[in-house]
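Undergrad: What follows is a structure written as structure tokens; I'll ask about it next.
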Amino acid sequence: MMKFRFRRGGHDPQRDRIKQELFAFNKTVEHGFPNQPSSLAYDPKLRIMAVGTKSGAVKIYGAPGVEFTGLHRETATVTQMHFLPGQGRLLSLLDDNTLHLWEIYHKDGCSHLEEIHSFALPGRPGFDSANSPPSIARVTVILLKSACDVACLGTEGGGVYFLELSGLTLLEDKALFQDEILQSVPDDYRCGKALGPVESLQEHPQDPSKILIGYSRGLVVVWDEIARKVDHLFLGNQLESLTWERSGKTVVSSHSDGGYMVWSLNSSSQKTLQPLLSTIPYGPFPCKAINKILWRTCESGSHFIIFSGGMPRASYGDRHCVSVLQGQTLVTLDFTSRVIDFFTVHNTEAAEGEFDNPRALVVLVEEELVVIDLQTPGWPTVPAPYLAPLHSSAITCSYHISNVPLKLWERIISAGEQQNPQLSSVNWPIDGGKNLAQEPTQRGFLLTGHEDGTVRFWDASGVSLKPLYKLGTANIFQTDCEHNDSLNQAEEEWPPFRKVGCFDPYSDDPRLGIQKIALCKYTARMVVAGTAGQVLVMELSDEKSEHAISVATLDLLQDREGFTWKGHDRLAPKNGTIAFTPGFQPSILVQCLPPAAVTAVTLHSEWNLVAFGTSHGFGLFDYYRRNPVLARCTLHPNDSLAMEGPLSRVKSLKKSLRQSFRRIRKSRVSGKKRVPTSSPSSKVQEANAQLAEQAGPPEVEMTPVQRRIEPRSADDSLSGVVRCLYFADTFLRDATHHGPTMWAGTNSGSVFAYALEVPSQEKFSERAVEAVLGKEIQLMHRAPVVSIAVLDGRGNPLPEPYEVSRDLAKAPDMQGSHSVLISSEEQFKVFTLPKVSAKTKFKLTAHEGCRVRKVALVSFASAACEDYAEHGLVCLTNLGDIHIFSVPGLRPQVHYDCIRKEDISGIASCVFTKHGQGFYLISPSEFERFSLSARNITEPLCYLELTRRHDGTCLG
């Protein structure tokens with residue numbers, strides 16, 4: 001001890017170096033669909049796309065793995081974005097009326113995104129700024145000239161300003177105001193009224209000196225910049241948008257009455273033109289406005305007209321639609337969220353011919369991105385390699401699997417491909433840039449459980465989180481409201497709706513929600529547990545099948561008197577045989593009674609056992625013999641809240657008051673100021689209830705800090721919630737004989753350890769599994785037990801089932817004495833086995849003043865030494881901090897700020913991987929990926945070939 005006491009600061013330089021080689025914190029990539037998108041842009045030369053959001057984020061995507069993210073300094077909505085084609089530059093407009101120029105630059109062989117200029121348009125010269133409305137200079141529309149040197153800014157006041165792009169400087173002498181336009185307008189059209197805001201600006205496709213300007217009131221003019229005169233004008237009704245036909249001989253305008261007009265510019269001698277065609281596609285009854293329209297020519301036949309909106313106001317005014325019309329073929333693409341913007345991927349260069357020949361239609365809606373293949377008959381959807389809506393139904397839980405065997409990987413991909421035969425097989429059209437990241441060294445699955453009873457499998461090996469397979473469980477049950485799709489209409493119905501996209505926020509029945517998932521990657525066996533106490537044991541099959549599901553019930557109350565379940569009913573399984581597609585197919589349904597949400601689940605496929613827990617107790621089930629092994633009630637007599645259930649509306653006023661007074665009394669004693677909690681992702685999550693009194697961070701610092709670790713009352717509500725379950729082959733009865741064990745930890749700090757008698761492989765069918773209570777541990781401070789793990793004689797965590805027998809992990813040391821690491825919300829403690837005497841402990845609460853939320857044992861590989869690795873205990877607290885401790889010594893190594901302490905849903909959703917990475921939800925639709933390992937980092941490394949001169953203009 002003395003040699004450390006006098007060392008300066010107690011530092012070991014060699015250990016510090018090792019720590020730098022093992023640990024490093026990086027937020028690496030955001031997976032999923034951007035939250036609240038507000039604008040869209042496309043660069044046809046570089047084949048990259050940008051999405052802007054309401055929080056001021058700019059995200060650029062190319063080929064899978066090619067991603068850039070930028071964030072405006074102002075938290076303002078990105079209302080418009082425009083690429084300078086081929087240059088890797090992007091102009092963005094925020095709703096605070098500021099313009100920002102972004103640039104992709106190269107550094108260390110990779111491309112990066114940064115903001116280089118910003119600009120705010122001043123008020124109109126000559127106006128008294130004190131009396132003129134502030135919106136008169138608000139930018140409504142932007143046109144980037146094809147030479148990439150000037151941007152034209154249409155404003156709410158009807159003026160058009162010209163901005164030199166290289167430095168964002170205003171060309172004041174070129175500004176065009178309404179009074180100059182009005183000189184060319186017929187007298188009867190003027191009648192003292194203003195033309196309204198500029199709604200659209202479009203450059204002539206063949207003559208860059210001419211601009212099409214559309215005003216809100218309906219006037220459209222072709223303006224000659226060089227001669228400063230009006231070439232043509234069209235007098236339409238209230239205008240929404242304009243588009244040129246490729247040759248510049250035709251203009252299409254869309255209007256607020258749900259109609260569009262086609263104008264020909266061939267009769268160049270005439271100044272005031274009449275429309276060739278004026279139609280309201282979904283008339284004759286009043287229709288909503290057509291917000292945007294595109295005209296695309298096609299070599300193989302009729303042109304495409306693509307527009308958003310225009311629905312009959314009374315019948316379908318609430319539908320979000322984009323219509324695609326080619327000749328006699330009309331499809332009304334029906335989305336479940338609002339259309340933000342759309343574009344087509346088509347020929348833009350003169351060298352590519354005189355036709356647009358659109359290949360794909362890309363539609364950004366509020367909750368997803370949908371790409372339609374326009375070259376394949378039937379116009380099918382193109383599957384997206386990224387930007388998939390994680391939240392197509394609200395996420396209720398997450399689960400990560402590292403080092404997925406190739407055989408399982410291929411079987412899952414095959415099952416996913418067979419689910420969607422109607423999808424297009426064409427390549428992803430937005431494929432710009434090069435992904436420089438190395439091929440992932442291992443395959444990883446991220447599984448998400450959802451409110452509608454689905455489990456989705458994602459490829460989490462690299463930067464792009466790609467959807468692979470969707471497992472549904474709703475078809476097993478008779479739900480409250482069987483899903484009737486009102487969109488499956490007869491073909492002759494009008495409009496011809498086609499439902500597209502997969503965002504569906506409405507769950508048939510909240511009881512279907514998935515709460516816990518466990519998967520054995522070696523036997524392809526899976527357990528999925530839900531909100532109504534349903535535990536499904538599943539097997540992966542490569543073939544379709546029809547079979548009935550075995551149903552078993554397990555009463556966790558064991559006829560205990562005085563308790564009445566007041567929550568939701570169990571889900572009724574369907575009778576008879578059920579048809580299943582290739583993929584995971586359920587073989588057994590184990591129903592917990594009462595049907596409370598499952599709070600913990602674990603699977604041991606070598607022993608054919610599954611354990612599960614709820615707020616009432618835990619059960620053990622032998623799925624090979626299909627019979628229960630054990631049911632244990634963990635309820636305390638005063639634990640009345642556990643009888644309510646998360647979906648119950650039956651509340652006793654007297655009970656509520658009694659609990660309120662008890663809380664007030666307790667908070668006065670401990671000096672805490674409690675903060676109300678909000679739901680992480682779904683109102684049906686029982687996690688909210690079981691963490692209710694702990695979720696909010698304390699707002700008032702307390703002295704002394706140690707008072708935080710006061711023992712909790714045994715009659716705390718939900719004290720019986722089973723928080724963790726764990727199987728281990730270890731020493732429980734004596735120090736010479738090891739064998740199968742099961743461990744359970746509860747909300748009140750109780751740990752139950754059972755010795756299991758598991759027959760050998762040959763005798764599975766002959767003998768039943770038996771469970772005998774071996775140890776019962778009560779933590780002194782009654783803090784909820786978050787995790788249990790057994791460490792072998794070398795202090796390493798025990799391998800997973802089948803890992804050793806398949807030579808995928810080192811055999812555990814069964815010679816030395818084992819120990820058990822029990823992590824509670826307040827401390828970590830290592831006990832020796834089989835005696836269960838305390839060996840080491842670390843009181844996190846006493847030192848840091850926080851509570852443990854998530855724990856994982858992680859292998860950290862050295863970045864400097866190929867074959868050196870250490871196991872660490874990683875812990876996330878309710879303050880959003882991550883702490884890493886050595887195992888089994890529990891010495892603090894490093895600690896990082898990861899998640900804002902106010903972000904309760906982010907903390908609740910966090911999941912760690914076995915090799916030092918993690919995921920947490922930063923919005924309902926996005927995971928933030930982070931790395932704690934200096935060696936194991938997954939981040940976008942990409943390169944974009946740019947055609948940019950030093951003066952900033954395009955190369956011709």
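We label chains A, B, ... in the order they appear in the structure tokens, count residues from 1 in each chain, and number ligands from 1 in the order shown.
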Please return, as a PyMOL selection string, all residues of stretch 246-456 of chain A that DSSP assigns to strand (DSSP E or B) on the basis of the backbone.
TA: chain A and resi 250-255+260-264+272-273+277-279+287+290-296+304-309+312+320-326+329-335+339-345+360-365+368-373+381-382+395-401+434-435+445-450+454-456
Undergrad: If we count only C-alpha atoms, what is near stretch 553-566 of chain A at a cut-off of 9 Å, once residues fewer than 3 positions away on the same chain are taken out, given as number ranges by chain?
TA: A: 569, 589-596, 613-614, 616-619, 621, 628, 630-635, 637, 640, 642-645, 648-651
Undergrad: So which residues of stretch 355-466 of chain A fall under alpha helix (DSSP H) by DSSP, listed as a PyMOL selection string?
TA: chain A and resi 406-419
Undergrad: Mind dumping a table of every stretch 91-210 of chain A residue within 8 Å of stretch 234-242 of chain A, with the nearest atom pair and its distance in Å to one decimal, using only C-alpha atoms, sorted by chain and rising number, as CSV?
TA:
```
residue,atom,partner,partner_atom,distance
A:Glu199,CA,A:Glu240,CA,6.4
A:Ser200,CA,A:Ser241,CA,5.8
A:Leu201,CA,A:Leu242,CA,7.8
A:Gln202,CA,A:Leu242,CA,7.4
```
Undergrad: Those residues with C-alpha atoms, as a PDB file, in the first residue's frame please?
TA:
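The file below, result-v4.pdb, is the result:
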```pdb
ATOM      1  CA  GLU A 199     -44.208  31.044 -55.998  1.00  0.00           C
ATOM      2  CA  SER A 200     -41.843  29.577 -58.571  1.00  0.00           C
ATOM      3  CA  LEU A 201     -38.620  30.385 -60.442  1.00  0.00           C
ATOM      4  CA  GLN A 202     -37.437  28.101 -63.259  1.00  0.00           C
TER       5      GLN A 202
END
```
Undergrad: For stretch 182-185 of chain A, work out the shell of residues within 12 Å, counting only C-alpha atoms and skipping chain neighbours fewer than 6 positions away, then give it as JSON, numbers by chain.
TA: {"A": [158, 159, 176, 191, 192, 193, 194, 195, 196, 215, 219, 220, 221, 222, 223, 228, 229, 230, 231, 232, 233, 234, 235, 271, 272]}
Undergrad: Selection from above, C-alpha atoms, as a CSV table (one decimal), in the first residue's frame, can you write it?
TA:
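Now in result-v3.csv:
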```
chain,number,residue,atom,x,y,z
A,158,GLY,CA,-42.9,39.8,-55.1
A,159,GLY,CA,-39.3,40.9,-55.7
A,176,LEU,CA,-36.3,42.8,-60.3
A,191,CYS,CA,-56.6,46.6,-61.3
A,192,GLY,CA,-54.6,47.9,-58.4
A,193,LYS,CA,-53.8,44.5,-57.0
A,194,ALA,CA,-50.3,43.2,-56.2
A,195,LEU,CA,-49.2,40.0,-57.9
A,196,GLY,CA,-48.5,38.3,-54.6
A,215,TYR,CA,-46.6,34.8,-58.9
A,219,LEU,CA,-49.4,35.6,-63.4
A,220,VAL,CA,-46.6,33.7,-65.1
A,221,VAL,CA,-43.9,35.5,-67.1
A,222,VAL,CA,-40.9,34.5,-69.2
A,223,TRP,CA,-38.3,37.1,-68.2
A,228,ARG,CA,-34.8,43.1,-69.1
A,229,LYS,CA,-38.2,42.5,-70.6
A,230,VAL,CA,-41.1,40.1,-70.5
A,231,ASP,CA,-41.1,37.7,-73.5
A,232,HIS,CA,-44.4,35.9,-72.7
A,233,LEU,CA,-47.0,36.0,-70.1
A,234,PHE,CA,-49.8,33.6,-69.0
A,235,LEU,CA,-52.7,34.6,-66.9
A,271,LYS,CA,-47.0,37.8,-75.9
A,272,THR,CA,-50.1,36.7,-73.9
```
Undergrad: So how far away is atom CA of A:Tyr522 from atom CA of A:Tyr868, in Å?
TA: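 Interatomic distance here is 26.0 Å.
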Undergrad: Using only C-alpha atoms, pick whichever of A:Phe497, A:Lys210, A:Ser824, A:Gly916 has the shortest atom-to-atom distance to A:Arg319.
TA: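 For A:Arg319, the nearest of the given residues is A:Phe497.
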Undergrad: Given the choices A:Phe342, A:Phe445, A:Phe731, A:Phe842, which gets closest to A:Gln815 if the distance is worked out from only C-alpha atoms?
TA: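 Of all the options, A:Phe731 lies closest to A:Gln815.
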Undergrad: When you count only C-alpha atoms, which of these residues is closest to A:Tyr42: A:Ile430, A:Cys875, A:Val382, A:Leu471?
TA: A:Ile430
Undergrad: Which residues are near A:Glu770? Cut-off 8 Å, only C-alpha atoms, ignore same chain within fewer than 4 positions. Put them as a ChimeraX atom specification.
TA: /A:629,756-758
Undergrad: Provide the atom CA of A:Thr169 to atom CA of A:Phe119 distance in Å, to one decimal place.
TA: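 Spanning atom CA of A:Thr169 to atom CA of A:Phe119 is a straight-line distance of 7.9 Å.
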Undergrad: Taking only C-alpha atoms into account, name the residue in A:Gly52, A:Pro281, A:Gly309, A:Gly65 that is nearest to A:Leu944.
TA: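 Of A:Gly52, A:Pro281, A:Gly309, A:Gly65, the one nearest A:Leu944 is A:Gly65, counting only C-alpha atoms.
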Undergrad: Quick one: everything within 8 Å of A:Tyr61, counting only C-alpha atoms, minus sequence neighbours fewer than 3 positions away in the same chain. Send it as a PyMOL selection string.
TA: chain A and resi 48-50+64+66-68+430
Undergrad: Selection from above, all heavy atoms, as a CSV table (one decimal), in the first residue's frame, can you write it?
TA:
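Contents of again27.csv, freshly written:
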```
chain,number,residue,atom,x,y,z
A,48,ILE,N,-26.2,12.4,-55.5
A,48,ILE,CA,-26.3,12.4,-54.0
A,48,ILE,C,-27.6,13.2,-53.7
A,48,ILE,O,-28.1,14.0,-54.5
A,48,ILE,CB,-25.1,13.0,-53.3
A,48,ILE,CG1,-24.8,14.4,-53.8
A,48,ILE,CG2,-23.9,12.1,-53.4
A,48,ILE,CD1,-23.7,15.1,-53.1
A,49,MET,N,-28.1,12.9,-52.5
A,49,MET,CA,-29.4,13.5,-52.1
A,49,MET,C,-29.2,14.1,-50.7
A,49,MET,O,-28.4,13.6,-49.9
A,49,MET,CB,-30.4,12.3,-52.0
A,49,MET,CG,-31.7,12.6,-51.3
A,49,MET,SD,-32.7,11.1,-51.2
A,49,MET,CE,-31.9,10.2,-50.0
A,50,ALA,N,-29.9,15.2,-50.4
A,50,ALA,CA,-29.8,15.8,-49.1
A,50,ALA,C,-31.2,15.9,-48.5
A,50,ALA,O,-32.2,16.2,-49.2
A,50,ALA,CB,-29.2,17.2,-49.2
A,64,PRO,N,-24.7,3.4,-50.4
A,64,PRO,CA,-24.7,2.9,-49.0
A,64,PRO,C,-23.3,3.1,-48.4
A,64,PRO,O,-22.3,2.7,-49.0
A,64,PRO,CB,-25.1,1.4,-49.1
A,64,PRO,CG,-25.9,1.4,-50.4
A,64,PRO,CD,-25.3,2.4,-51.3
A,66,VAL,N,-22.0,6.1,-47.8
A,66,VAL,CA,-21.6,7.5,-48.1
A,66,VAL,C,-22.6,8.4,-47.4
A,66,VAL,O,-23.8,8.5,-47.9
A,66,VAL,CB,-21.6,7.7,-49.7
A,66,VAL,CG1,-21.3,9.2,-50.0
A,66,VAL,CG2,-20.6,6.8,-50.3
A,67,GLU,N,-22.2,9.0,-46.3
A,67,GLU,CA,-23.1,9.8,-45.5
A,67,GLU,C,-22.3,11.0,-45.0
A,67,GLU,O,-21.2,10.9,-44.6
A,67,GLU,CB,-23.7,9.1,-44.3
A,67,GLU,CG,-24.7,8.0,-44.7
A,67,GLU,CD,-25.3,7.4,-43.5
A,67,GLU,OE1,-25.3,8.0,-42.4
A,67,GLU,OE2,-25.9,6.3,-43.6
A,68,PHE,N,-23.0,12.2,-45.0
A,68,PHE,CA,-22.4,13.4,-44.3
A,68,PHE,C,-23.5,14.0,-43.5
A,68,PHE,O,-24.7,14.0,-43.9
A,68,PHE,CB,-22.0,14.4,-45.4
A,68,PHE,CG,-21.0,13.9,-46.4
A,68,PHE,CD1,-21.5,13.4,-47.6
A,68,PHE,CD2,-19.6,13.8,-46.2
A,68,PHE,CE1,-20.6,12.9,-48.6
A,68,PHE,CE2,-18.8,13.3,-47.1
A,68,PHE,CZ,-19.2,12.9,-48.3
A,430,ILE,N,-29.6,6.3,-56.0
A,430,ILE,CA,-28.8,7.4,-55.5
A,430,ILE,C,-27.5,6.7,-55.0
A,430,ILE,O,-27.4,6.2,-53.9
A,430,ILE,CB,-29.6,8.1,-54.3
A,430,ILE,CG1,-30.9,8.7,-54.8
A,430,ILE,CG2,-28.7,9.1,-53.7
A,430,ILE,CD1,-32.0,8.7,-53.8
```
Undergrad: Can you work out which one of A:Ser424, A:Thr845, A:Thr348, A:Thr336 has the shortest atom-to-atom distance to A:Arg246, counting only C-alpha atoms?
TA: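 Looking at the shortest contact to A:Arg246, the residue is A:Thr348.
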Undergrad: What is the atom CA of A:Val769 to atom CA of A:Ile822 distance in Å?
TA: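 It comes out at 25.8 Å.
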Undergrad: Report as a JSON list (two decimals) with all heavy atoms, in the first residue's frame all protein, DNA and RNA residues lying within 7 Å of A:Leu423, evaluated on only C-alpha atoms, omitting residues in the same chain fewer than 6 positions from it.
TA:
```json
[["chain", "number", "residue", "atom", "x", "y", "z"],
["A", 380, "PRO", "N", -43.00, -0.74, -59.31],
["A", 380, "PRO", "CA", -42.85, -1.25, -57.94],
["A", 380, "PRO", "C", -41.93, -0.35, -57.10],
["A", 380, "PRO", "O", -41.22, 0.51, -57.62],
["A", 380, "PRO", "CB", -42.20, -2.62, -58.15],
["A", 380, "PRO", "CG", -41.43, -2.47, -59.43],
["A", 380, "PRO", "CD", -42.24, -1.53, -60.29],
["A", 381, "THR", "N", -41.94, -0.60, -55.80],
["A", 381, "THR", "CA", -41.08, 0.15, -54.87],
["A", 381, "THR", "C", -39.67, -0.43, -54.88],
["A", 381, "THR", "O", -39.49, -1.65, -54.96],
["A", 381, "THR", "CB", -41.66, 0.05, -53.44],
["A", 381, "THR", "OG1", -42.99, 0.56, -53.47],
["A", 381, "THR", "CG2", -40.85, 0.83, -52.44],
["A", 382, "VAL", "N", -38.67, 0.44, -54.79],
["A", 382, "VAL", "CA", -37.27, 0.00, -54.70],
["A", 382, "VAL", "C", -36.90, -0.10, -53.22],
["A", 382, "VAL", "O", -37.06, 0.87, -52.48],
["A", 382, "VAL", "CB", -36.32, 1.01, -55.40],
["A", 382, "VAL", "CG1", -34.88, 0.52, -55.35],
["A", 382, "VAL", "CG2", -36.76, 1.25, -56.84],
["A", 383, "PRO", "N", -36.42, -1.27, -52.74],
["A", 383, "PRO", "CA", -36.06, -1.37, -51.32],
["A", 383, "PRO", "C", -34.89, -0.46, -50.99],
["A", 383, "PRO", "O", -33.92, -0.38, -51.74],
["A", 383, "PRO", "CB", -35.70, -2.85, -51.15],
["A", 383, "PRO", "CG", -35.42, -3.36, -52.52],
["A", 383, "PRO", "CD", -36.20, -2.53, -53.48]]
```
Undergrad: Neighbours of A:Val362 within 8 Å (only C-alpha atoms; same-chain residues fewer than 2 positions away dropped), as JSON, numbers by chain?
TA: {"A": [342, 343, 344, 345, 360, 364, 369, 370, 371, 372]}
Undergrad: Deliver the residues from the most recent selection as a file, using all heavy atoms, as a PDB file, in the first residue's frame.
TA:
```
ATOM      1  N   PHE A 342     -40.512  15.795 -53.597  1.00  0.00           N
ATOM      2  CA  PHE A 342     -40.166  14.641 -54.431  1.00  0.00           C
ATOM      3  C   PHE A 342     -39.343  15.112 -55.613  1.00  0.00           C
ATOM      4  O   PHE A 342     -39.334  16.291 -55.980  1.00  0.00           O
ATOM      5  CB  PHE A 342     -41.422  13.892 -54.891  1.00  0.00           C
ATOM      6  CG  PHE A 342     -42.406  14.723 -55.687  1.00  0.00           C
ATOM      7  CD1 PHE A 342     -42.354  14.753 -57.070  1.00  0.00           C
ATOM      8  CD2 PHE A 342     -43.389  15.473 -55.048  1.00  0.00           C
ATOM      9  CE1 PHE A 342     -43.257  15.498 -57.808  1.00  0.00           C
ATOM     10  CE2 PHE A 342     -44.290  16.227 -55.765  1.00  0.00           C
ATOM     11  CZ  PHE A 342     -44.228  16.243 -57.158  1.00  0.00           C
ATOM     12  N   PHE A 343     -38.604  14.192 -56.221  1.00  0.00           N
ATOM     13  CA  PHE A 343     -37.847  14.486 -57.453  1.00  0.00           C
ATOM     14  C   PHE A 343     -37.750  13.192 -58.253  1.00  0.00           C
ATOM     15  O   PHE A 343     -38.038  12.102 -57.750  1.00  0.00           O
ATOM     16  CB  PHE A 343     -36.452  15.053 -57.144  1.00  0.00           C
ATOM     17  CG  PHE A 343     -35.527  14.125 -56.403  1.00  0.00           C
ATOM     18  CD1 PHE A 343     -34.798  13.147 -57.074  1.00  0.00           C
ATOM     19  CD2 PHE A 343     -35.373  14.222 -55.019  1.00  0.00           C
ATOM     20  CE1 PHE A 343     -33.942  12.291 -56.392  1.00  0.00           C
ATOM     21  CE2 PHE A 343     -34.518  13.379 -54.335  1.00  0.00           C
ATOM     22  CZ  PHE A 343     -33.798  12.407 -55.021  1.00  0.00           C
ATOM     23  N   THR A 344     -37.353  13.330 -59.531  1.00  0.00           N
ATOM     24  CA  THR A 344     -37.129  12.139 -60.350  1.00  0.00           C
ATOM     25  C   THR A 344     -35.642  12.017 -60.657  1.00  0.00           C
ATOM     26  O   THR A 344     -34.919  13.020 -60.766  1.00  0.00           O
ATOM     27  CB  THR A 344     -37.898  12.207 -61.685  1.00  0.00           C
ATOM     28  OG1 THR A 344     -37.524  13.408 -62.376  1.00  0.00           O
ATOM     29  CG2 THR A 344     -39.392  12.176 -61.453  1.00  0.00           C
ATOM     30  N   VAL A 345     -35.189  10.773 -60.780  1.00  0.00           N
ATOM     31  CA  VAL A 345     -33.837  10.491 -61.264  1.00  0.00           C
ATOM     32  C   VAL A 345     -33.984  10.256 -62.760  1.00  0.00           C
ATOM     33  O   VAL A 345     -34.648   9.304 -63.182  1.00  0.00           O
ATOM     34  CB  VAL A 345     -33.249   9.251 -60.560  1.00  0.00           C
ATOM     35  CG1 VAL A 345     -31.856   8.948 -61.105  1.00  0.00           C
ATOM     36  CG2 VAL A 345     -33.208   9.455 -59.053  1.00  0.00           C
ATOM     37  N   ALA A 360     -36.510   6.702 -61.807  1.00  0.00           N
ATOM     38  CA  ALA A 360     -37.069   6.490 -60.466  1.00  0.00           C
ATOM     39  C   ALA A 360     -37.712   7.780 -59.966  1.00  0.00           C
ATOM     40  O   ALA A 360     -37.296   8.886 -60.340  1.00  0.00           O
ATOM     41  CB  ALA A 360     -35.976   6.035 -59.508  1.00  0.00           C
ATOM     42  N   LEU A 364     -40.064  12.046 -50.481  1.00  0.00           N
ATOM     43  CA  LEU A 364     -39.804  12.206 -49.048  1.00  0.00           C
ATOM     44  C   LEU A 364     -41.119  12.582 -48.385  1.00  0.00           C
ATOM     45  O   LEU A 364     -41.709  13.615 -48.715  1.00  0.00           O
ATOM     46  CB  LEU A 364     -38.763  13.295 -48.798  1.00  0.00           C
ATOM     47  CG  LEU A 364     -38.485  13.625 -47.326  1.00  0.00           C
ATOM     48  CD1 LEU A 364     -37.764  12.470 -46.634  1.00  0.00           C
ATOM     49  CD2 LEU A 364     -37.668  14.906 -47.194  1.00  0.00           C
ATOM     50  N   LEU A 369     -38.880   7.576 -46.558  1.00  0.00           N
ATOM     51  CA  LEU A 369     -38.473   7.896 -47.927  1.00  0.00           C
ATOM     52  C   LEU A 369     -38.890   6.713 -48.797  1.00  0.00           C
ATOM     53  O   LEU A 369     -38.560   5.571 -48.480  1.00  0.00           O
ATOM     54  CB  LEU A 369     -36.966   8.108 -48.006  1.00  0.00           C
ATOM     55  CG  LEU A 369     -36.456   8.490 -49.397  1.00  0.00           C
ATOM     56  CD1 LEU A 369     -36.435  10.010 -49.546  1.00  0.00           C
ATOM     57  CD2 LEU A 369     -35.068   7.943 -49.645  1.00  0.00           C
ATOM     58  N   VAL A 370     -39.620   6.985 -49.879  1.00  0.00           N
ATOM     59  CA  VAL A 370     -40.093   5.912 -50.760  1.00  0.00           C
ATOM     60  C   VAL A 370     -39.567   6.174 -52.167  1.00  0.00           C
ATOM     61  O   VAL A 370     -39.668   7.297 -52.677  1.00  0.00           O
ATOM     62  CB  VAL A 370     -41.638   5.839 -50.769  1.00  0.00           C
ATOM     63  CG1 VAL A 370     -42.110   4.756 -51.726  1.00  0.00           C
ATOM     64  CG2 VAL A 370     -42.168   5.562 -49.360  1.00  0.00           C
ATOM     65  N   VAL A 371     -38.996   5.131 -52.777  1.00  0.00           N
ATOM     66  CA  VAL A 371     -38.471   5.245 -54.148  1.00  0.00           C
ATOM     67  C   VAL A 371     -39.266   4.295 -55.040  1.00  0.00           C
ATOM     68  O   VAL A 371     -39.407   3.108 -54.741  1.00  0.00           O
ATOM     69  CB  VAL A 371     -36.968   4.916 -54.186  1.00  0.00           C
ATOM     70  CG1 VAL A 371     -36.450   4.975 -55.613  1.00  0.00           C
ATOM     71  CG2 VAL A 371     -36.198   5.895 -53.309  1.00  0.00           C
ATOM     72  N   ILE A 372     -39.802   4.841 -56.136  1.00  0.00           N
ATOM     73  CA  ILE A 372     -40.617   4.073 -57.080  1.00  0.00           C
ATOM     74  C   ILE A 372     -39.816   3.857 -58.362  1.00  0.00           C
ATOM     75  O   ILE A 372     -39.273   4.807 -58.930  1.00  0.00           O
ATOM     76  CB  ILE A 372     -41.938   4.830 -57.407  1.00  0.00           C
ATOM     77  CG1 ILE A 372     -42.725   5.149 -56.122  1.00  0.00           C
ATOM     78  CG2 ILE A 372     -42.782   4.020 -58.380  1.00  0.00           C
ATOM     79  CD1 ILE A 372     -43.243   3.959 -55.362  1.00  0.00           C
TER      80      ILE A 372
END
```
Undergrad: Name the closest residue to A:Ala350 among the candidates A:Glu172, A:Gln87, A:Pro205, A:Phe584; distances are taken between atoms, counting only C-alpha atoms.
TA: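 Among the listed residues, the smallest separation from A:Ala350 belongs to A:Pro205.
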